[in-house]
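Below is input_39.tsv, holding TSV, C-alpha atoms and all ligand atoms.
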```tsv
chain	number	residue	atom	x	y	z
H	1	GLY	CA	115.74	83.22	114.47
H	2	LEU	CA	112.15	84.31	114.67
H	3	PRO	CA	110.64	84.69	118.10
H	4	MET	CA	107.97	82.19	118.94
H	5	SER	CA	104.72	83.88	119.88
H	6	SER	CA	103.64	82.60	123.21
H	7	PRO	CA	101.21	83.98	125.70
H	8	ALA	CA	102.53	86.24	128.41
H	9	SER	CA	102.22	84.75	131.87
H	10	SER	CA	99.41	87.16	132.76
H	11	THR	CA	97.19	85.65	130.10
H	12	ARG	CA	98.19	82.04	130.54
H	13	SER	CA	95.01	81.14	132.39
H	14	SER	CA	92.91	82.47	129.57
H	15	ALA	CA	95.05	80.58	127.07
H	16	GLY	CA	94.59	77.50	129.25
H	17	ARG	CA	90.84	77.92	129.15
H	18	ALA	CA	91.00	78.33	125.39
H	19	ALA	CA	92.93	75.08	125.11
H	20	ALA	CA	90.16	73.13	126.83
H	21	GLU	CA	87.33	74.40	124.63
H	22	ARG	CA	86.20	72.83	121.38
H	23	ILE	CA	84.59	75.99	120.05
H	24	ARG	CA	85.59	79.55	120.61
H	25	VAL	CA	83.68	82.47	119.20
H	26	CYS	CA	85.46	85.81	119.21
H	27	VAL	CA	84.71	89.24	117.82
H	28	ARG	CA	87.20	91.70	116.42
H	29	LYS	CA	86.40	95.34	115.83
H	30	ARG	CA	88.61	97.24	113.40
H	31	PRO	CA	89.37	100.96	113.77
H	32	LEU	CA	87.64	103.59	111.64
H	33	SER	CA	89.81	104.17	108.60
H	34	ARG	CA	91.20	107.62	107.91
H	35	ALA	CA	88.84	107.95	104.95
H	36	GLU	CA	85.85	107.04	107.11
H	37	GLU	CA	86.93	109.60	109.70
H	38	LYS	CA	87.27	112.25	107.01
H	39	ARG	CA	83.78	111.53	105.78
H	40	GLY	CA	82.49	112.07	109.30
H	41	GLU	CA	81.39	108.48	109.91
H	42	ALA	CA	80.69	107.74	113.56
H	43	ASP	CA	82.06	104.86	115.64
H	44	VAL	CA	78.96	103.14	117.04
H	45	VAL	CA	80.66	100.05	118.51
H	46	ALA	CA	81.98	99.94	122.09
H	47	VAL	CA	84.06	97.03	123.37
H	48	ARG	CA	84.20	96.38	127.12
H	49	ASN	CA	86.39	94.10	129.24
H	50	GLY	CA	87.44	91.97	126.33
H	51	GLU	CA	84.23	90.01	126.55
H	52	SER	CA	81.31	92.15	125.51
H	53	VAL	CA	80.47	94.42	122.64
H	54	ARG	CA	77.77	97.05	122.46
H	55	VAL	CA	76.31	98.53	119.29
H	56	HIS	CA	74.44	101.82	119.28
H	57	GLU	CA	71.83	101.71	116.57
H	58	GLN	CA	70.41	105.06	115.55
H	59	LYS	CA	66.70	104.76	114.80
H	60	GLU	CA	64.07	107.13	113.62
H	61	ALA	CA	60.55	107.08	115.02
H	62	VAL	CA	57.48	107.64	112.80
H	63	ASP	CA	57.49	111.30	113.80
H	64	LEU	CA	61.12	111.52	112.61
H	65	THR	CA	62.57	111.98	116.11
H	66	GLN	CA	65.78	110.06	116.69
H	67	TYR	CA	66.44	107.47	119.33
H	68	VAL	CA	69.13	104.89	119.95
H	69	LEU	CA	68.80	101.13	120.46
H	70	GLN	CA	71.64	99.53	122.37
H	71	HIS	CA	72.50	95.93	121.58
H	72	GLU	CA	74.86	94.06	123.84
H	73	PHE	CA	76.54	90.74	123.05
H	74	TYR	CA	78.90	88.51	125.01
H	75	PHE	CA	81.60	86.30	123.49
H	76	ASP	CA	84.59	84.23	124.53
H	77	GLU	CA	86.81	87.13	123.53
H	78	VAL	CA	86.19	90.55	122.10
H	79	PHE	CA	89.11	92.39	120.53
H	80	SER	CA	88.97	96.17	120.38
H	81	GLU	CA	90.44	98.29	117.61
H	82	ALA	CA	93.57	98.66	119.77
H	83	CYS	CA	94.38	94.94	119.50
H	84	THR	CA	97.10	93.75	117.15
H	85	ASN	CA	97.16	90.57	115.10
H	86	GLU	CA	99.54	89.17	117.76
H	87	ASP	CA	96.93	89.81	120.47
H	88	VAL	CA	94.29	88.08	118.37
H	89	TYR	CA	96.59	85.19	117.49
H	90	GLU	CA	97.43	84.44	121.10
H	91	LYS	CA	93.79	83.83	122.04
H	92	THR	CA	92.52	82.26	118.83
H	93	ALA	CA	94.96	80.27	116.69
H	94	TYR	CA	97.71	79.71	119.26
H	95	PRO	CA	95.74	77.11	121.27
H	96	LEU	CA	94.85	75.42	117.97
H	97	ILE	CA	98.54	74.97	117.10
H	98	GLN	CA	99.04	73.19	120.41
H	99	HIS	CA	96.11	70.98	119.50
H	100	ILE	CA	97.42	69.91	116.07
H	101	PHE	CA	100.74	68.90	117.60
H	102	ASN	CA	98.72	66.60	119.83
H	103	GLY	CA	97.29	64.92	116.74
H	104	GLY	CA	94.11	66.95	116.35
H	105	LYS	CA	92.36	68.86	113.59
H	106	ALA	CA	91.72	72.55	113.96
H	107	THR	CA	89.90	75.22	112.01
H	108	CYS	CA	89.98	78.97	112.33
H	109	PHE	CA	87.34	81.00	110.49
H	110	ALA	CA	87.29	84.71	109.71
H	111	TYR	CA	83.68	85.76	109.26
H	112	GLY	CA	82.20	89.16	108.46
H	113	GLN	CA	81.16	91.78	105.97
H	114	THR	CA	83.52	92.78	103.17
H	115	GLY	CA	85.92	95.42	104.50
H	116	ALA	CA	85.49	94.35	108.14
H	117	GLY	CA	89.05	93.00	108.47
H	118	LYS	CA	89.02	89.27	107.62
H	119	THR	CA	92.02	89.36	105.31
H	120	HIS	CA	93.85	91.81	107.56
H	121	THR	CA	93.46	89.25	110.35
H	122	MET	CA	94.42	86.19	108.32
H	123	LEU	CA	97.02	87.43	105.86
H	124	GLY	CA	98.05	90.71	107.52
H	125	SER	CA	98.37	94.04	105.78
H	126	SER	CA	102.12	93.95	105.06
H	127	PRO	CA	105.09	91.64	105.67
H	128	ARG	CA	105.99	93.75	108.70
H	129	ARG	CA	102.48	93.34	110.12
H	130	PRO	CA	101.89	89.62	109.80
H	131	GLY	CA	98.51	87.96	110.16
H	132	LEU	CA	97.49	84.65	111.70
H	133	TYR	CA	98.91	82.59	108.80
H	134	ALA	CA	102.43	83.88	109.41
H	135	LEU	CA	102.19	83.83	113.21
H	136	ALA	CA	101.05	80.21	113.07
H	137	ALA	CA	103.86	79.36	110.65
H	138	ARG	CA	106.42	80.77	113.11
H	139	ASP	CA	105.02	78.72	115.97
H	140	ILE	CA	104.89	75.54	113.93
H	141	PHE	CA	108.53	75.77	112.84
H	142	ALA	CA	109.66	76.86	116.30
H	143	ARG	CA	108.04	73.75	117.76
H	144	LEU	CA	109.62	71.50	115.16
H	145	ALA	CA	113.05	73.01	115.89
H	146	GLN	CA	112.53	72.43	119.60
H	147	ALA	CA	111.60	68.80	118.97
H	148	GLU	CA	114.76	68.31	116.88
H	149	GLN	CA	116.91	69.57	119.73
H	150	ARG	CA	115.50	66.84	121.94
H	151	PRO	CA	116.17	63.70	119.91
H	152	GLY	CA	116.10	60.21	121.31
H	153	PRO	CA	113.40	57.62	121.80
H	154	SER	CA	110.04	59.36	121.78
H	155	PRO	CA	106.55	57.88	121.64
H	156	GLY	CA	105.55	60.42	118.96
H	157	PRO	CA	105.33	59.92	115.21
H	158	GLY	CA	109.00	60.84	114.64
H	159	PRO	CA	110.14	63.72	112.48
H	160	LEU	CA	107.28	65.69	111.00
H	161	SER	CA	107.07	67.47	107.70
H	162	VAL	CA	104.99	70.56	106.98
H	163	ARG	CA	102.91	70.71	103.83
H	164	VAL	CA	100.59	73.42	102.67
H	165	SER	CA	97.59	73.63	100.37
H	166	PHE	CA	95.57	76.68	99.44
H	167	PHE	CA	92.33	76.68	97.51
H	168	GLU	CA	89.23	78.71	96.92
H	169	ILE	CA	85.54	77.88	96.83
H	170	TYR	CA	83.56	80.00	94.42
H	171	CYS	CA	79.93	79.23	93.62
H	172	GLY	CA	80.31	75.73	95.03
H	173	GLN	CA	83.37	74.94	92.89
H	174	LEU	CA	86.94	74.36	94.05
H	175	TYR	CA	89.97	76.09	92.52
H	176	ASP	CA	93.59	75.37	93.44
H	177	LEU	CA	95.36	78.64	94.28
H	178	LEU	CA	98.75	76.87	94.15
H	179	ASP	CA	98.12	75.37	90.73
H	180	HIS	CA	96.94	78.11	88.37
H	181	ARG	CA	93.41	77.97	89.69
H	182	LYS	CA	92.94	74.44	88.44
H	183	ARG	CA	89.38	73.20	88.99
H	184	LEU	CA	89.25	70.45	91.63
H	185	PHE	CA	86.66	67.89	92.71
H	186	ALA	CA	85.90	66.58	96.20
H	187	ARG	CA	84.96	62.93	96.71
H	188	GLU	CA	84.18	60.73	99.67
H	189	ASP	CA	86.47	57.71	99.86
H	190	GLY	CA	85.75	54.23	101.20
H	191	GLN	CA	86.24	55.39	104.78
H	192	ARG	CA	83.80	58.23	104.11
H	193	MET	CA	86.61	60.73	104.35
H	194	VAL	CA	86.41	63.64	101.94
H	195	GLN	CA	89.37	63.89	99.56
H	196	ILE	CA	90.05	66.65	97.09
H	197	ALA	CA	91.48	64.86	94.10
H	198	GLY	CA	94.60	66.51	92.69
H	199	LEU	CA	94.85	69.25	95.31
H	200	ARG	CA	98.45	70.42	95.31
H	201	GLU	CA	100.22	70.04	98.64
H	202	VAL	CA	103.54	71.86	98.75
H	203	GLY	CA	106.25	70.76	101.17
H	204	VAL	CA	107.85	73.67	103.05
H	205	GLU	CA	110.96	73.65	105.21
H	206	SER	CA	110.97	77.09	106.75
H	207	VAL	CA	108.74	79.96	107.74
H	208	ALA	CA	110.05	81.94	104.78
H	209	SER	CA	109.16	79.25	102.25
H	210	LEU	CA	105.71	78.80	103.79
H	211	LEU	CA	105.09	82.54	103.56
H	212	GLU	CA	106.31	82.54	99.98
H	213	VAL	CA	103.75	79.86	99.08
H	214	ILE	CA	101.01	81.80	100.88
H	215	SER	CA	101.77	85.02	99.06
H	216	ARG	CA	101.79	83.16	95.74
H	217	GLY	CA	98.32	81.78	96.50
H	218	SER	CA	97.05	85.15	97.73
H	219	ARG	CA	98.14	86.84	94.52
H	220	GLU	CA	96.28	84.16	92.58
H	221	ARG	CA	93.21	84.80	94.68
H	222	SER	CA	93.18	88.55	94.19
H	223	ARG	CA	93.65	88.13	90.45
H	224	GLY	CA	90.33	86.34	90.16
H	225	ALA	CA	89.37	83.80	87.54
H	226	SER	CA	89.55	85.34	84.11
H	227	GLY	CA	86.19	85.82	82.48
H	228	VAL	CA	84.34	85.21	85.72
H	229	ASN	CA	82.85	88.04	87.72
H	230	CYS	CA	84.72	86.95	90.82
H	231	ASP	CA	86.42	88.92	93.58
H	232	SER	CA	87.65	87.81	96.96
H	233	SER	CA	84.43	88.95	98.65
H	234	ARG	CA	82.52	86.26	96.73
H	235	SER	CA	84.71	83.28	97.53
H	236	HIS	CA	85.98	81.38	100.55
H	237	ALA	CA	89.79	80.91	100.75
H	238	LEU	CA	91.05	77.82	102.60
H	239	LEU	CA	94.68	77.60	103.66
H	240	GLN	CA	95.57	74.26	105.18
H	241	ILE	CA	98.81	73.45	106.99
H	242	HIS	CA	99.36	69.72	107.33
H	243	LEU	CA	101.76	67.98	109.69
H	244	ARG	CA	102.80	64.65	108.22
H	245	ALA	CA	104.92	61.80	109.52
H	246	CYS	CA	107.67	60.42	107.27
H	247	THR	CA	105.19	57.73	106.19
H	248	HIS	CA	103.02	60.62	104.87
H	249	ARG	CA	100.41	59.76	107.44
H	250	LEU	CA	98.55	62.91	108.50
H	251	VAL	CA	99.31	63.73	112.11
H	252	GLY	CA	97.58	67.08	112.51
H	253	ARG	CA	96.12	69.83	110.41
H	254	ILE	CA	95.02	73.41	110.80
H	255	SER	CA	92.70	75.08	108.29
H	256	PHE	CA	92.38	78.84	108.05
H	257	VAL	CA	89.23	79.97	106.29
H	258	ASP	CA	88.86	83.53	105.01
H	259	LEU	CA	85.12	83.40	104.33
H	260	ALA	CA	83.21	85.19	101.59
H	261	GLY	CA	81.70	88.53	102.61
H	262	SER	CA	78.69	87.78	104.79
H	263	GLU	CA	76.75	90.66	103.20
H	264	ARG	CA	76.77	88.64	99.97
H	265	ALA	CA	74.37	86.21	101.58
H	266	CYS	CA	71.78	89.00	101.27
H	267	ASP	CA	72.29	89.29	97.50
H	268	THR	CA	69.66	86.63	96.85
H	269	ARG	CA	67.32	89.26	95.36
H	270	ASP	CA	69.92	91.04	93.27
H	271	PRO	CA	68.59	91.80	89.78
H	272	ASP	CA	71.80	90.37	88.32
H	273	ARG	CA	71.43	86.61	87.91
H	274	GLN	CA	75.11	85.76	88.62
H	275	SER	CA	75.11	87.81	91.84
H	276	ARG	CA	71.87	86.15	92.88
H	277	MET	CA	73.38	82.70	92.36
H	278	GLU	CA	76.53	83.63	94.25
H	279	GLY	CA	74.46	85.11	97.06
H	280	ALA	CA	72.33	82.00	97.37
H	281	GLU	CA	75.43	79.79	97.45
H	282	ILE	CA	77.15	81.93	100.10
H	283	ASN	CA	73.97	82.06	102.15
H	284	GLN	CA	73.67	78.28	102.01
H	285	SER	CA	77.30	77.70	102.98
H	286	LEU	CA	77.21	80.11	105.94
H	287	LEU	CA	74.01	78.50	107.23
H	288	ALA	CA	75.50	75.02	106.85
H	289	LEU	CA	78.67	76.17	108.60
H	290	LYS	CA	76.69	77.32	111.62
H	291	GLU	CA	74.86	73.99	111.76
H	292	CYS	CA	78.06	71.98	111.48
H	293	ILE	CA	79.81	73.89	114.25
H	294	ARG	CA	76.71	73.36	116.37
H	295	ALA	CA	76.87	69.63	115.72
H	296	LEU	CA	80.52	69.62	116.82
H	297	ASP	CA	79.56	71.06	120.17
H	298	GLN	CA	76.57	68.84	120.74
H	299	GLU	CA	78.23	65.71	119.38
H	300	LEU	CA	75.20	65.04	117.23
H	301	SER	CA	75.19	61.83	115.26
H	302	HIS	CA	74.22	63.66	112.12
H	303	THR	CA	76.22	66.62	110.88
H	304	PRO	CA	74.92	68.26	107.71
H	305	PHE	CA	78.30	68.40	105.89
H	306	ARG	CA	76.77	67.81	102.51
H	307	GLN	CA	74.64	70.95	102.58
H	308	SER	CA	77.47	73.00	101.09
H	309	LYS	CA	80.83	72.50	99.42
H	310	LEU	CA	82.48	74.50	102.22
H	311	THR	CA	81.26	72.18	104.97
H	312	GLN	CA	81.80	69.09	102.84
H	313	VAL	CA	85.50	69.78	102.30
H	314	LEU	CA	85.86	70.65	106.00
H	315	LYS	CA	84.09	67.47	107.08
H	316	ASP	CA	86.94	66.25	109.29
H	317	SER	CA	86.94	69.62	111.04
H	318	PHE	CA	83.52	68.83	112.46
H	319	ILE	CA	84.05	65.31	113.73
H	320	GLY	CA	86.35	63.54	116.14
H	321	ASN	CA	89.27	65.28	117.77
H	322	SER	CA	88.55	68.74	116.34
H	323	LYS	CA	88.60	72.28	117.57
H	324	THR	CA	87.17	75.37	115.96
H	325	CYS	CA	87.63	79.08	116.44
H	326	MET	CA	85.53	81.74	114.76
H	327	ILE	CA	86.63	85.35	114.55
H	328	ALA	CA	83.71	87.58	113.63
H	329	ASN	CA	85.07	90.80	112.17
H	330	ILE	CA	83.10	94.01	112.43
H	331	SER	CA	83.35	97.57	111.18
H	332	PRO	CA	82.83	100.43	113.66
H	333	SER	CA	81.06	102.74	111.20
H	334	HIS	CA	77.45	103.81	111.71
H	335	LEU	CA	76.92	103.13	108.00
H	336	ALA	CA	77.65	99.43	108.61
H	337	THR	CA	75.34	99.04	111.64
H	338	GLU	CA	72.95	96.64	109.96
H	339	HIS	CA	75.70	94.30	108.72
H	340	THR	CA	77.51	94.57	112.06
H	341	LEU	CA	74.36	93.46	113.89
H	342	ASN	CA	73.88	90.62	111.38
H	343	THR	CA	77.44	89.45	112.02
H	344	LEU	CA	77.06	89.62	115.80
H	345	ARG	CA	73.76	87.74	115.65
H	346	TYR	CA	75.29	85.03	113.50
H	347	ALA	CA	78.26	84.66	115.86
H	348	ASP	CA	75.88	84.74	118.81
H	349	ARG	CA	73.92	81.81	117.40
H	350	VAL	CA	77.10	79.82	116.90
H	351	LYS	CA	78.04	80.52	120.52
H	352	GLU	CA	74.59	80.33	122.08
H	353	LEU	CA	74.57	76.60	121.49
H	354	LYS	CA	77.48	76.13	123.82
H	355	LYS	CA	76.89	74.30	127.04
H	356	GLY	CA	78.33	75.95	130.13
H	357	GLY	CA	81.18	78.42	130.00
H	358	LYS	CA	81.11	82.14	130.14
H	359	SER	CA	78.15	82.42	127.82
H	360	SER	CA	75.64	80.77	130.14
H	361	HIS	CA	75.31	83.68	132.55
H	362	SER	CA	75.09	86.39	129.98
H	363	HIS	CA	71.36	87.03	130.01
H	364	GLY	CA	70.67	85.05	126.89
H	365	GLY	CA	73.75	86.36	125.16
H	366	ARG	CA	72.13	89.49	123.89
H	367	GLY	CA	70.40	92.44	125.47
H	368	VAL	CA	68.57	95.20	123.66
H	369	LYS	CA	68.05	98.46	125.46
H	370	ARG	CA	66.28	101.48	124.19
H	371	TRP	CA	67.64	104.95	124.87
H	372	PRO	CA	65.75	107.12	125.71
H	373	PRO	CA	63.93	104.33	127.62
H	374	HIS	CA	60.56	105.25	126.08
H	375	PRO	CA	60.05	105.97	122.43
H	376	PRO	CA	59.78	109.67	121.88
H	377	ASN	CA	56.50	110.88	120.45
H	378	ALA	CA	55.21	114.10	118.93
H	379	THR	CA	54.34	115.65	122.30
H	380	ASN	CA	57.68	114.77	123.86
H	381	THR	CA	59.63	117.72	122.50
H	382	SER	CA	62.45	117.34	125.03
H	383	ALA	CA	63.57	114.16	123.29
H	384	GLY	CA	63.91	115.87	119.93
H	385	GLY	CA	67.13	117.35	118.68
H	401	LIG	P1	87.87	91.95	104.41
H	401	LIG	O1	88.92	90.95	104.09
H	401	LIG	O2	86.99	91.54	105.55
H	401	LIG	O3	87.08	92.38	103.21
H	401	LIG	P2	90.14	93.69	104.89
H	401	LIG	O4	90.93	92.83	105.80
H	401	LIG	O5	90.59	93.76	103.48
H	401	LIG	O6	88.59	93.29	104.93
H	401	LIG	O7	90.09	95.14	105.55
H	401	LIG	C1	89.62	96.29	104.89
H	401	LIG	C2	90.60	97.46	105.14
H	401	LIG	O8	90.66	97.76	106.53
H	401	LIG	C3	92.01	97.13	104.72
H	401	LIG	O9	92.58	98.28	104.18
H	401	LIG	C4	92.70	96.75	106.01
H	401	LIG	O10	94.08	97.00	105.97
H	401	LIG	C5	91.99	97.63	107.03
H	401	LIG	N1	91.92	96.95	108.34
H	401	LIG	C6	91.16	95.89	108.64
H	401	LIG	N2	91.29	95.54	109.94
H	401	LIG	C7	92.18	96.39	110.46
H	401	LIG	C8	92.75	96.55	111.78
H	401	LIG	N3	92.42	95.74	112.80
H	401	LIG	N4	93.63	97.57	111.96
H	401	LIG	C9	93.96	98.39	110.94
H	401	LIG	N5	93.46	98.29	109.70
H	401	LIG	C10	92.58	97.32	109.45
H	402	MG	MG	89.22	89.99	102.28
```

Output the file's structure in the form of structure tokens.
Amino acid sequence: GLPMSSPASSTRSSAGRAAAERIRVCVRKRPLSRAEEKRGEADVVAVRNGESVRVHEQKEAVDLTQYVLQHEFYFDEVFSEACTNEDVYEKTAYPLIQHIFNGGKATCFAYGQTGAGKTHTMLGSSPRRPGLYALAARDIFARLAQAEQRPGPSPGPGPLSVRVSFFEIYCGQLYDLLDHRKRLFAREDGQRMVQIAGLREVGVESVASLLEVISRGSRERSRGASGVNCDSSRSHALLQIHLRACTHRLVGRISFVDLAGSERACDTRDPDRQSRMEGAEINQSLLALKECIRALDQELSHTPFRQSKLTQVLKDSFIGNSKTCMIANISPSHLATEHTLNTLRYADRVKELKKGGKSSHSHGGRGVKRWPPHPPNATNTSAGG
């Protein structure tokens, strides 16, 4: 059988801490690609101690001399380019799987610029290098098998079934990736729960069949809607794994969200009208997402779910017995510095709102240092180069 991913004993305390938190914000840096190396792109991102990340921003003064601004950020976890998907899984989704077996809702977001590694993290780059979807699937079925080996009177909901749905949000509209991209509509029911009418939920009985369904949906996603100028960077993909009792009652659920490219939120001034609309929609949904996660942490009475389709369909991820993990993906390249800083600032604002925890003693979460310490000027020739 497949090995169950579980944290090594050395990291159990950190996994224990993760289990107690409602919101975790993590950063993952990907390596420079071979092509980027060949083009001579520089790695301007340094990860330290698994908890901080520093970005060296090359700036040019008015007199054209160069100087560097250093930006430092602290997070719950920071994964360097040496980390594997297994390393990331252990400290992000793994505690969420524990949570859904205890009857909770969980959500794991991959945020970041296009090309920063969101899909590599979620889906993996090949069947031999699985991503979080597959690692979670293994854990879920391993737990179910364990439960079956211990039959007898239990206070739990009895045997559980695993069901999966996979859909995409593009320009505020829902498309079923497991049903030929059928257009779907979300409605609030009498209990003010949001339901997606007609969303296909496929029952799966093994890791292999779950992965088969995921790859079917992923192929549908990469194909794009015919006639629409749509690629995966412009849409959010939501994979949901539901645990149901034999009565079909929902026991727990984990949602994996591969978000649209965060750089698209800047397209609001694009000369092309369609891109402008998409950009505005993505911008709105990422802002609403930040607000909704914030409400989860502060237990606010009002959560602005309705401000975007993304947050509306994830409504039950932001209320009640819910946990959230965000993985902010960043590129190391100096050409991506601006987007990298935007991503880190966004993640920092999600985290900043947290009460207590590691973040509170991190000098406001972000430090900016100038190097050289004083801006070079025309008379300071020693700083030139
Ligand atoms: P995104 O989904 O954010 O647009 P991708 O996941 O498609 O980005 O990543 C872009 C490219 O970088 C892909 O070729 C992917 O395989 C590679 N890549 C991303 N993250 C890593 C990583 N941690 N290690 C190795 N390659 C990576
Ligand atoms: Mg992608």

Shell of 9 Å around ligand LIG 401 (chain H) (all atoms listed in the file), written as JSON, numbers by chain: {"H": [28, 29, 30, 31, 32, 33, 80, 81, 82, 83, 84, 85, 110, 111, 112, 113, 114, 115, 116, 117, 118, 119, 120, 121, 122, 123, 124, 125, 126, 232, 233, 258, 259, 260, 261, 329, 330, 331]}

Option closest in space to Pro95 (chain H), from H:Glu21, H:Glu41, H:Glu148, H:Glu77 [counting all atoms listed in the file]: H:Glu21

CA of Val68 (chain H) to CA of Arg54 (chain H), distance in Å rounded to a single decimal: 11.9 Å

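Atom pair CA of Gly103 (chain H) / CA of Arg249 (chain H): separated by 11.1 Å.
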
Residue neighbourhood region 174-184 of chain H, 6 Å, all atoms listed in the file, exclusion window fewer than 2 positions, as an MDAnalysis selection string: chainID H and resid 166:169 217 220

Of the listed residues H:Ser235, H:Ser275, H:Ser317, H:Gln195, that which approaches ligand MG 402 (chain H) most closely, counting all atoms listed in the file: H:Ser235

Contacts of region 210-212 of chain H within 8 Å, only C-alpha atoms, excl. fewer than 3 positions in-chain, as a ChimeraX atom specification: /H:134,137,164,204-207,215-216

Residue nearest ligand MG 402 (chain H) among H:Gln298, H:Ser308, H:Gln98, H:Ser262 (counting only C-alpha atoms and all ligand atoms): H:Ser262

Output requested as an mmCIF file, keeping the file's coordinate frame - region 280-295 of chain H, filled out with N, CA and C atoms.
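So selection_14.cif came out as:
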```cif
data_model
loop_
_atom_site.group_PDB
_atom_site.id
_atom_site.type_symbol
_atom_site.label_atom_id
_atom_site.label_comp_id
_atom_site.auth_asym_id
_atom_site.auth_seq_id
_atom_site.Cartn_x
_atom_site.Cartn_y
_atom_site.Cartn_z
ATOM 1 N N ALA H 280 73.040 83.169 96.866
ATOM 2 C CA ALA H 280 72.330 82.000 97.370
ATOM 3 C C ALA H 280 73.316 80.946 97.859
ATOM 4 N N GLU H 281 74.396 80.778 97.095
ATOM 5 C CA GLU H 281 75.430 79.790 97.450
ATOM 6 C C GLU H 281 76.135 80.175 98.759
ATOM 7 N N ILE H 282 76.458 81.460 98.891
ATOM 8 C CA ILE H 282 77.150 81.930 100.100
ATOM 9 C C ILE H 282 76.215 81.810 101.303
ATOM 10 N N ASN H 283 74.966 82.174 101.093
ATOM 11 C CA ASN H 283 73.970 82.060 102.150
ATOM 12 C C ASN H 283 73.875 80.611 102.644
ATOM 13 N N GLN H 284 73.771 79.695 101.686
ATOM 14 C CA GLN H 284 73.670 78.280 102.010
ATOM 15 C C GLN H 284 74.901 77.789 102.773
ATOM 16 N N SER H 285 76.091 78.220 102.340
ATOM 17 C CA SER H 285 77.300 77.700 102.980
ATOM 18 C C SER H 285 77.461 78.270 104.390
ATOM 19 N N LEU H 286 77.072 79.534 104.597
ATOM 20 C CA LEU H 286 77.210 80.110 105.940
ATOM 21 C C LEU H 286 76.195 79.502 106.914
ATOM 22 N N LEU H 287 74.999 79.179 106.385
ATOM 23 C CA LEU H 287 74.010 78.500 107.230
ATOM 24 C C LEU H 287 74.487 77.099 107.595
ATOM 25 N N ALA H 288 75.007 76.379 106.596
ATOM 26 C CA ALA H 288 75.500 75.020 106.850
ATOM 27 C C ALA H 288 76.668 75.048 107.835
ATOM 28 N N LEU H 289 77.517 76.056 107.701
ATOM 29 C CA LEU H 289 78.670 76.170 108.600
ATOM 30 C C LEU H 289 78.208 76.289 110.056
ATOM 31 N N LYS H 290 77.219 77.137 110.275
ATOM 32 C CA LYS H 290 76.690 77.320 111.620
ATOM 33 C C LYS H 290 76.144 75.992 112.174
ATOM 34 N N GLU H 291 75.426 75.277 111.330
ATOM 35 C CA GLU H 291 74.860 73.990 111.760
ATOM 36 C C GLU H 291 75.943 72.967 112.072
ATOM 37 N N CYS H 292 76.988 72.961 111.275
ATOM 38 C CA CYS H 292 78.060 71.980 111.480
ATOM 39 C C CYS H 292 78.857 72.275 112.741
ATOM 40 N N ILE H 293 79.088 73.548 113.020
ATOM 41 C CA ILE H 293 79.810 73.890 114.250
ATOM 42 C C ILE H 293 78.939 73.499 115.450
ATOM 43 N N ARG H 294 77.641 73.725 115.307
ATOM 44 C CA ARG H 294 76.710 73.360 116.370
ATOM 45 C C ARG H 294 76.754 71.852 116.637
ATOM 46 N N ALA H 295 76.832 71.089 115.564
ATOM 47 C CA ALA H 295 76.870 69.630 115.720
ATOM 48 C C ALA H 295 78.153 69.206 116.436
#
```
